[in-house]
Structure formats: structure tokens, C-alpha cells
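The file structure-v7.tsv comes next; it holds TSV, C-alpha atoms.
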chain	number	residue	atom	x	y	z
A	1	MET	CA	-16.19	13.90	-39.98
A	2	LEU	CA	-17.35	10.65	-38.39
A	3	THR	CA	-16.87	10.54	-34.62
A	4	LEU	CA	-18.19	8.04	-32.07
A	5	ASN	CA	-18.07	8.13	-28.28
A	6	SER	CA	-19.82	4.83	-27.72
A	7	ILE	CA	-16.77	3.17	-26.17
A	8	ALA	CA	-18.02	4.58	-22.89
A	9	GLN	CA	-20.06	1.57	-21.78
A	10	GLY	CA	-22.63	1.81	-19.03
A	11	ASN	CA	-25.31	-0.54	-17.69
A	12	SER	CA	-23.45	-3.87	-17.51
A	13	TYR	CA	-24.11	-5.35	-20.90
A	14	THR	CA	-21.26	-6.04	-23.29
A	15	PRO	CA	-22.52	-6.46	-26.86
A	16	PRO	CA	-20.84	-9.01	-29.13
A	17	LYS	CA	-18.21	-7.55	-31.43
A	18	ILE	CA	-17.42	-8.17	-35.07
A	19	SER	CA	-13.85	-8.43	-36.37
A	20	PRO	CA	-12.44	-5.48	-38.33
A	21	ALA	CA	-11.75	-7.72	-41.33
A	22	LEU	CA	-15.43	-8.66	-41.66
A	23	LEU	CA	-16.56	-5.07	-41.06
A	24	LYS	CA	-14.22	-3.72	-43.73
A	25	GLN	CA	-15.40	-6.43	-46.10
A	26	ASP	CA	-19.04	-5.46	-45.54
A	27	PHE	CA	-18.31	-1.76	-45.93
A	28	SER	CA	-16.41	-2.41	-49.15
A	29	VAL	CA	-19.41	-4.31	-50.50
A	30	LEU	CA	-21.66	-1.40	-49.55
A	31	ARG	CA	-19.39	1.12	-51.24
A	32	ASP	CA	-18.92	-0.97	-54.37
A	33	THR	CA	-22.65	-1.59	-54.69
A	34	MET	CA	-23.51	2.09	-54.23
A	35	GLN	CA	-20.95	3.15	-56.82
A	36	LYS	CA	-22.22	0.63	-59.35
A	37	ILE	CA	-25.99	0.92	-59.07
A	38	HIS	CA	-26.99	4.10	-57.23
A	39	PRO	CA	-28.59	6.36	-59.86
A	40	SER	CA	-27.70	9.70	-58.26
A	41	LEU	CA	-24.71	9.10	-56.02
A	42	TYR	CA	-23.10	12.39	-57.03
A	43	ARG	CA	-26.21	14.53	-57.35
A	44	TYR	CA	-25.56	16.72	-54.32
A	45	LYS	CA	-21.83	16.17	-53.80
A	46	SER	CA	-18.89	15.67	-56.14
A	47	LYS	CA	-17.30	12.29	-56.71
A	48	LYS	CA	-14.19	13.60	-54.93
A	49	ALA	CA	-16.23	14.46	-51.83
A	50	ILE	CA	-18.07	11.14	-51.83
A	51	ASP	CA	-14.86	9.17	-52.30
A	52	LYS	CA	-13.26	11.08	-49.43
A	53	MET	CA	-16.24	10.26	-47.22
A	54	PHE	CA	-16.09	6.56	-48.09
A	55	ASP	CA	-12.33	6.49	-47.45
A	56	SER	CA	-12.79	8.20	-44.07
A	57	CYS	CA	-15.48	5.77	-42.96
A	58	TYR	CA	-13.41	2.79	-44.07
A	59	ALA	CA	-10.36	4.10	-42.21
A	60	SER	CA	-12.41	4.48	-39.01
A	61	ILE	CA	-12.75	0.67	-38.82
A	62	LYS	CA	-9.59	-0.04	-36.87
A	63	ASP	CA	-10.69	-2.64	-34.35
A	64	SER	CA	-13.52	-5.00	-33.53
A	65	MET	CA	-16.79	-3.24	-32.78
A	66	PRO	CA	-20.41	-4.07	-32.02
A	67	ALA	CA	-23.06	-3.92	-34.73
A	68	THR	CA	-24.33	-0.62	-33.32
A	69	ASP	CA	-21.05	1.16	-34.03
A	70	PHE	CA	-20.91	-0.27	-37.54
A	71	TYR	CA	-24.51	0.84	-38.05
A	72	ALA	CA	-23.40	4.37	-37.14
A	73	ILE	CA	-20.67	4.24	-39.78
A	74	THR	CA	-22.99	3.00	-42.51
A	75	SER	CA	-25.72	5.47	-41.51
A	76	PHE	CA	-23.25	8.33	-41.65
A	77	ALA	CA	-22.04	7.23	-45.08
A	78	ILE	CA	-25.52	6.89	-46.52
A	79	ALA	CA	-26.76	10.15	-44.98
A	80	SER	CA	-23.75	11.91	-46.52
A	81	ILE	CA	-25.05	11.06	-49.98
A	82	GLN	CA	-28.18	13.12	-49.21
A	83	ASP	CA	-30.65	10.78	-50.88
A	84	GLY	CA	-33.85	10.52	-48.86
A	85	HIS	CA	-34.74	7.19	-50.46
A	86	THR	CA	-31.51	5.43	-49.54
A	87	ASN	CA	-31.36	4.22	-45.96
A	88	CYS	CA	-30.11	1.44	-43.70
A	89	ARG	CA	-31.37	-0.27	-40.56
A	90	MET	CA	-29.98	-2.50	-37.88
A	91	SER	CA	-30.87	-6.14	-38.37
A	92	ARG	CA	-33.91	-7.15	-36.34
A	93	GLU	CA	-31.81	-9.59	-34.33
A	94	ALA	CA	-29.17	-6.99	-33.44
A	95	MET	CA	-31.77	-4.33	-32.66
A	96	ASN	CA	-33.76	-6.63	-30.39
A	97	ASP	CA	-30.57	-7.69	-28.63
A	98	TYR	CA	-29.74	-4.05	-27.98
A	99	ILE	CA	-33.10	-2.78	-26.76
A	100	ASN	CA	-33.61	-5.83	-24.54
A	101	ASN	CA	-30.23	-5.48	-22.85
A	102	VAL	CA	-29.25	-1.81	-22.90
A	103	LYS	CA	-30.96	0.98	-20.98
A	104	ILE	CA	-31.44	4.28	-22.80
A	105	PHE	CA	-32.70	7.84	-22.30
A	106	PRO	CA	-36.13	7.28	-20.67
A	107	ALA	CA	-38.33	9.84	-22.40
A	108	MET	CA	-40.15	10.08	-25.71
A	109	VAL	CA	-39.31	13.20	-27.68
A	110	MET	CA	-40.48	15.18	-30.69
A	111	PHE	CA	-38.14	17.26	-32.86
A	112	ILE	CA	-39.63	20.53	-34.13
A	113	ASN	CA	-37.33	22.83	-36.11
A	114	SER	CA	-34.28	21.13	-34.54
A	115	ARG	CA	-35.63	21.79	-31.03
A	116	VAL	CA	-36.42	18.81	-28.81
A	117	PHE	CA	-39.64	18.54	-26.83
A	118	VAL	CA	-40.70	15.79	-24.41
A	119	TYR	CA	-44.17	14.43	-25.04
A	120	CYS	CA	-43.98	11.53	-22.58
A	121	CYS	CA	-41.80	10.82	-19.55
A	122	LYS	CA	-43.24	8.26	-17.18
A	123	GLN	CA	-40.27	8.62	-14.86
A	124	ASN	CA	-40.86	12.34	-14.23
A	125	ASN	CA	-44.14	13.79	-15.46
A	126	ASP	CA	-42.92	17.34	-14.70
A	127	ILE	CA	-40.76	17.11	-17.81
A	128	THR	CA	-43.67	16.32	-20.14
A	129	ALA	CA	-44.37	19.15	-22.64
A	130	SER	CA	-41.03	20.78	-21.80
A	131	GLU	CA	-38.19	21.62	-24.17
A	132	LEU	CA	-34.91	19.81	-23.57
A	133	LEU	CA	-31.97	22.22	-23.47
A	134	SER	CA	-29.13	19.84	-22.61
A	135	ILE	CA	-28.39	16.22	-21.72
A	136	ASN	CA	-25.29	15.37	-19.68
A	137	GLY	CA	-23.83	18.76	-20.56
A	138	HIS	CA	-24.47	18.43	-24.30
A	139	ASP	CA	-26.43	21.35	-25.72
A	140	LEU	CA	-29.46	19.96	-27.57
A	141	HIS	CA	-28.96	22.24	-30.56
A	142	ASP	CA	-25.49	20.75	-31.02
A	143	VAL	CA	-26.85	17.26	-30.36
A	144	ALA	CA	-29.50	17.70	-33.05
A	145	GLN	CA	-26.99	18.90	-35.62
A	146	ARG	CA	-24.65	16.02	-34.84
A	147	LEU	CA	-27.33	13.32	-34.93
A	148	PHE	CA	-28.78	14.75	-38.15
A	149	LYS	CA	-25.55	13.63	-39.83
A	150	TYR	CA	-26.79	10.05	-39.42
A	151	ILE	CA	-30.31	10.64	-40.79
A	152	GLN	CA	-30.89	10.50	-44.55
A	153	SER	CA	-32.80	13.19	-46.44
A	154	ASP	CA	-32.91	14.64	-49.95
A	155	GLY	CA	-30.29	17.35	-50.24
A	156	GLY	CA	-29.80	17.44	-46.47
A	157	ILE	CA	-33.27	18.92	-45.88
A	158	GLU	CA	-33.75	19.08	-42.12
A	159	SER	CA	-37.56	18.88	-42.03
A	160	HIS	CA	-37.33	15.20	-42.93
A	161	LYS	CA	-34.57	14.64	-40.38
A	162	ASN	CA	-36.76	16.22	-37.69
A	163	TRP	CA	-39.49	13.71	-38.46
A	164	GLU	CA	-37.32	10.61	-38.83
A	165	ILE	CA	-35.21	11.05	-35.71
A	166	ASN	CA	-38.13	11.04	-33.27
A	167	GLU	CA	-38.38	7.26	-33.11
A	168	SER	CA	-34.65	6.60	-32.90
A	169	PHE	CA	-33.38	9.51	-30.78
A	170	ALA	CA	-32.60	7.62	-27.55
A	171	PHE	CA	-31.01	4.74	-29.46
A	172	LEU	CA	-28.90	7.02	-31.66
A	173	PHE	CA	-27.92	9.25	-28.72
A	174	ASN	CA	-26.54	6.19	-26.92
A	175	ILE	CA	-24.54	5.09	-29.94
A	176	ILE	CA	-23.02	8.48	-30.69
A	177	TYR	CA	-22.54	9.88	-27.18
A	178	GLY	CA	-22.05	6.66	-25.24
A	179	ILE	CA	-24.15	4.57	-22.89
A	180	SER	CA	-24.92	6.15	-19.52
A	181	ASP	CA	-26.60	4.98	-16.32
A	182	SER	CA	-28.22	8.37	-15.76
A	183	TYR	CA	-28.96	11.56	-17.66
A	184	ASN	CA	-28.64	15.02	-16.15
A	185	ILE	CA	-30.95	17.29	-18.09
A	186	VAL	CA	-31.74	20.99	-18.30
A	187	PHE	CA	-35.21	21.76	-19.61
A	188	LYS	CA	-37.56	24.68	-20.12
A	189	THR	CA	-41.13	24.29	-18.90
A	190	PRO	CA	-44.14	25.47	-20.96
A	191	THR	CA	-44.21	28.57	-18.73
A	192	GLY	CA	-40.61	29.43	-19.65
A	193	GLU	CA	-38.96	28.35	-16.39
A	194	THR	CA	-35.57	26.61	-16.70
A	195	ARG	CA	-35.14	23.58	-14.45
A	196	THR	CA	-32.81	20.62	-13.98
A	197	ALA	CA	-33.48	16.95	-13.29
A	198	THR	CA	-31.78	13.59	-13.35
A	199	LEU	CA	-33.33	10.62	-15.13
A	200	LYS	CA	-32.23	7.03	-14.73
A	201	ALA	CA	-31.54	5.05	-17.87
A	202	ASP	CA	-34.24	2.46	-18.50
A	203	PHE	CA	-35.34	-0.21	-20.95
A	204	LEU	CA	-37.54	0.97	-23.80
A	205	LYS	CA	-40.39	-1.37	-22.81
A	206	ASN	CA	-40.72	0.43	-19.46
A	207	PHE	CA	-41.31	3.94	-20.78
A	208	SER	CA	-42.50	3.63	-24.37
A	209	CYS	CA	-45.58	5.69	-25.21
A	210	PRO	CA	-47.67	5.96	-28.39
A	211	PRO	CA	-46.49	8.86	-30.60
A	212	PRO	CA	-48.57	12.05	-30.43
A	213	PHE	CA	-49.11	11.87	-34.19
A	214	THR	CA	-49.72	8.79	-36.31
A	215	ARG	CA	-48.20	8.28	-39.73
A	216	PRO	CA	-50.78	8.51	-42.53
A	217	ALA	CA	-51.75	5.32	-44.29
A	218	LYS	CA	-51.09	7.05	-47.62
A	219	TYR	CA	-48.82	10.08	-47.64
A	220	LEU	CA	-50.45	11.63	-50.70
A	221	GLN	CA	-53.66	12.00	-48.72
Output the file's structure in the form of C-alpha cells.
Amino acid sequence: MLTLNSIAQGNSYTPPKISPALLKQDFSVLRDTMQKIHPSLYRYKSKKAIDKMFDSCYASIKDSMPATDFYAITSFAIASIQDGHTNCRMSREAMNDYINNVKIFPAMVMFINSRVFVYCCKQNNDITASELLSINGHDLHDVAQRLFKYIQSDGGIESHKNWEINESFAFLFNIIYGISDSYNIVFKTPTGETRTATLKADFLKNFSCPPPFTRPAKYLQ
């Protein structure tokens, strides 16, 4: 089931919204195109299940919404197909508008077996190398499983989701759970001690760090 909590706006930025008529038109084009040309639309799920998913996503467009919320709907729909080679992205213009105006969770994370580890947090270095257990009362295991519903992979394989979500975690968390000015976290240190901390939402440019691993130039290597 598709659910969004992003109506809870924080910071002070109000993103432009798109009319429901245009959103429904775009989603109908997406659905029609997928049904006509996708070579394995029903490989992992029946036509009845896929049709029900499309109908549910379409019905969720009831009012005007920002591009980020529509992106969540399309991502959910495409991830539901379970084809790792079919994906969608925010337009560069919309993405730049968002990251330049909306503050997000200020730490860089790495997903390993659906567990979330911090590899860089300029705001609080004590959190670095720790495992996140909860954010604003949301258990990270539940968060991972919910966000995975918006990440494409062949047959729903989670190893790919673990890799893909690292770069978009803070952005996707904001969209699905709502924008916040601060994040109360519970984390486990490398020594096994459980601690709490509060991080202030920040712009990506202020806390971005290089990833601990680089993508290979050629995957078959």
C-alpha cells in the first residue's frame, strides 16, 4: 500500500505544486507506456496484482502535490514491478530546487543487510561508525523495509536495494516520513553502547562526504 506523510512541512520552504489533472495525466501515460512496451511487466506478479497497484497509485492522486510526492508514487509503482532495470528519477530542475531549499537528515549512511550505519556526520562525530536504531521514534528496521518499497530491484532482491538507497536515504526519508527541523536519534556505538542525540536538519552541501566505496568503472571487473 502506498502511504506518504510528507504533508508535514518543516523548514520554511513551500515547493510548487502540480494540479491533480496533470499528475493523473502523467501517471496514465506512464501506465499505458509500461503496459504496451515493457517486456516483462508480469514476470514476478500477476496482471491482476499489477493492475491493482496501478489503480491504487492513480487513486492516491486526489489533490495538487509537489513533484517530490509524485516521484514517490511513480517510484512505488515501478519498484512494485520488481524489474531492476526499470527506474525513474526526479528531473534535474526539481531535484536541484529541493536540495537547495530543503534541509534533510544531516548524516551520510550505508545500508548493510537492511541495517543502517553512519559513515560520516560532520555535525556530531560521535555518531560516525555507529548503527542507527531509530530516527524520530521510527525503528530503522521498519524504515528500511518501508523505503525499500520505493527502490527497484529484480524480483525484490534486497541486496540491490541496500546498495541503491545509500545515496538517496535522507531525500527519500523526508519524502516518505515528512520534513523535520530536527532528528532525534538512537544509535549503537561500535563498542555496543546505546546512546541518543539530536541532529539539526541541514542542507546537503553542508554535510556531504565522499562515499566510503566508489562504484567500479565496469561492473564486470
Using all atoms listed in the file, the best pick from A:Met65, A:Leu133, A:Ala144, A:Met90 as closest to Pro15 in chain A would be A:Met65
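Here CA of Phe111 in chain A stands at a distance of 6.8 Å from CA of Trp163 in chain A.
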Selection near range 145-161 of chain A, 6 Å with only C-alpha atoms, sequence-local residues under 2 positions removed, as a ChimeraX atom specification:
/A:75-76,79,82-84,142-143,163-165
Prev. selection, C-alpha atoms, output as a short mmCIF file (atom, residue, chain, number, x, y, z; two decimals), keeping the file's coordinate frame:
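Final output, part_34.cif:
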data_model
loop_
_atom_site.label_atom_id
_atom_site.label_comp_id
_atom_site.auth_asym_id
_atom_site.auth_seq_id
_atom_site.Cartn_x
_atom_site.Cartn_y
_atom_site.Cartn_z
CA SER A 75 -25.72 5.47 -41.51
CA PHE A 76 -23.25 8.33 -41.65
CA ALA A 79 -26.76 10.15 -44.98
CA GLN A 82 -28.18 13.12 -49.21
CA ASP A 83 -30.65 10.78 -50.88
CA GLY A 84 -33.85 10.52 -48.86
CA ASP A 142 -25.49 20.75 -31.02
CA VAL A 143 -26.85 17.26 -30.36
CA TRP A 163 -39.49 13.71 -38.46
CA GLU A 164 -37.32 10.61 -38.83
CA ILE A 165 -35.21 11.05 -35.71
#
Neighbour list for range 201-218 of chain A as a VMD selection string, cut-off 10 Å, only C-alpha atoms, skip fewer than 2 positions in-chain
chain A and resid 10 to 11 98 to 110 119 to 123 166 to 167 170 to 171 179 to 183 198 to 199 220 to 221
Of A:Lys52, A:His138, A:Lys200, A:Arg92, the one nearest to Ala77 in chain A when counting only C-alpha atoms is A:Lys52
Please report, as a tab-separated table, each residue of range 72-119 of chain A lying at most 10 Å from range 26-35 of chain A, together with the nearest pair of atoms and the separation in Å rounded to one decimal; use all atoms listed in the file, and order rows by chain and ascending residue number.
residue	atom	partner	partner_atom	distance
A:Ile73	CA	A:Phe27	CA	8.9
A:Thr74	CA	A:Phe27	CA	7.5
A:Ala77	CA	A:Arg31	CA	9.1
A:Ile78	CA	A:Met34	CA	9.3
A:Thr86	CA	A:Met34	CA	9.9
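For the choices A:Asn125, A:Ser130, A:Asn113, A:Asn136, the atom-to-atom distance to Thr189 in chain A is smallest for A:Ser130 when using all atoms listed in the file.
With all atoms listed in the file as the atoms that count, the minimum distance from Ile50 in chain A to the choices A:Asn162, A:Asn96, A:Thr194, A:Ser80 is reached by A:Ser80.
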Per-axis box centre and lengths in Å around range 158-163 of chain A, 5 Å margin per side, axis-aligned, as JSON:
{"center_x": -36.6, "center_y": 16.4, "center_z": -40.3, "size_x": 15.7, "size_y": 15.4, "size_z": 15.2}
Protein, DNA and RNA residues within 12 Å of (-14.8, 8.6, -39.4), only C-alpha atoms, as an MDAnalysis selection string:
chainID A and resid 1:5 52:62 69:70 72:77 80 149 176
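Straight-line separation from CA of Gly137 in chain A to CA of Phe169 in chain A: 16.8 Å.
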Separation of CA of Asp51 in chain A and CA of Lys36 in chain A, in Å?
13.3 Å
In terms of the shortest atom-to-atom distance over all atoms listed in the file, which of A:Tyr177, A:Lys188, A:Asp97, A:Tyr44 is closest to Tyr13 in chain A?
A:Asp97
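The residue that comes closest to Ser114 in chain A, out of A:Leu140, A:Leu172, A:Ala129, A:Ala94 and on the basis of all atoms listed in the file, is A:Leu140.
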Might you pull out every residue within 9 Å of Asp63 in chain A, with only C-alpha atoms counted and same-chain residues fewer than 6 positions away left off, and present them as a PyMOL selection string?
chain A and resi 18-21
Just-selected residues, C-alpha atoms written as a CSV table (one decimal), in the coordinates of the input:
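result_10.csv was written with the following content:
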chain,number,residue,atom,x,y,z
A,18,ILE,CA,-17.4,-8.2,-35.1
A,19,SER,CA,-13.8,-8.4,-36.4
A,20,PRO,CA,-12.4,-5.5,-38.3
A,21,ALA,CA,-11.8,-7.7,-41.3
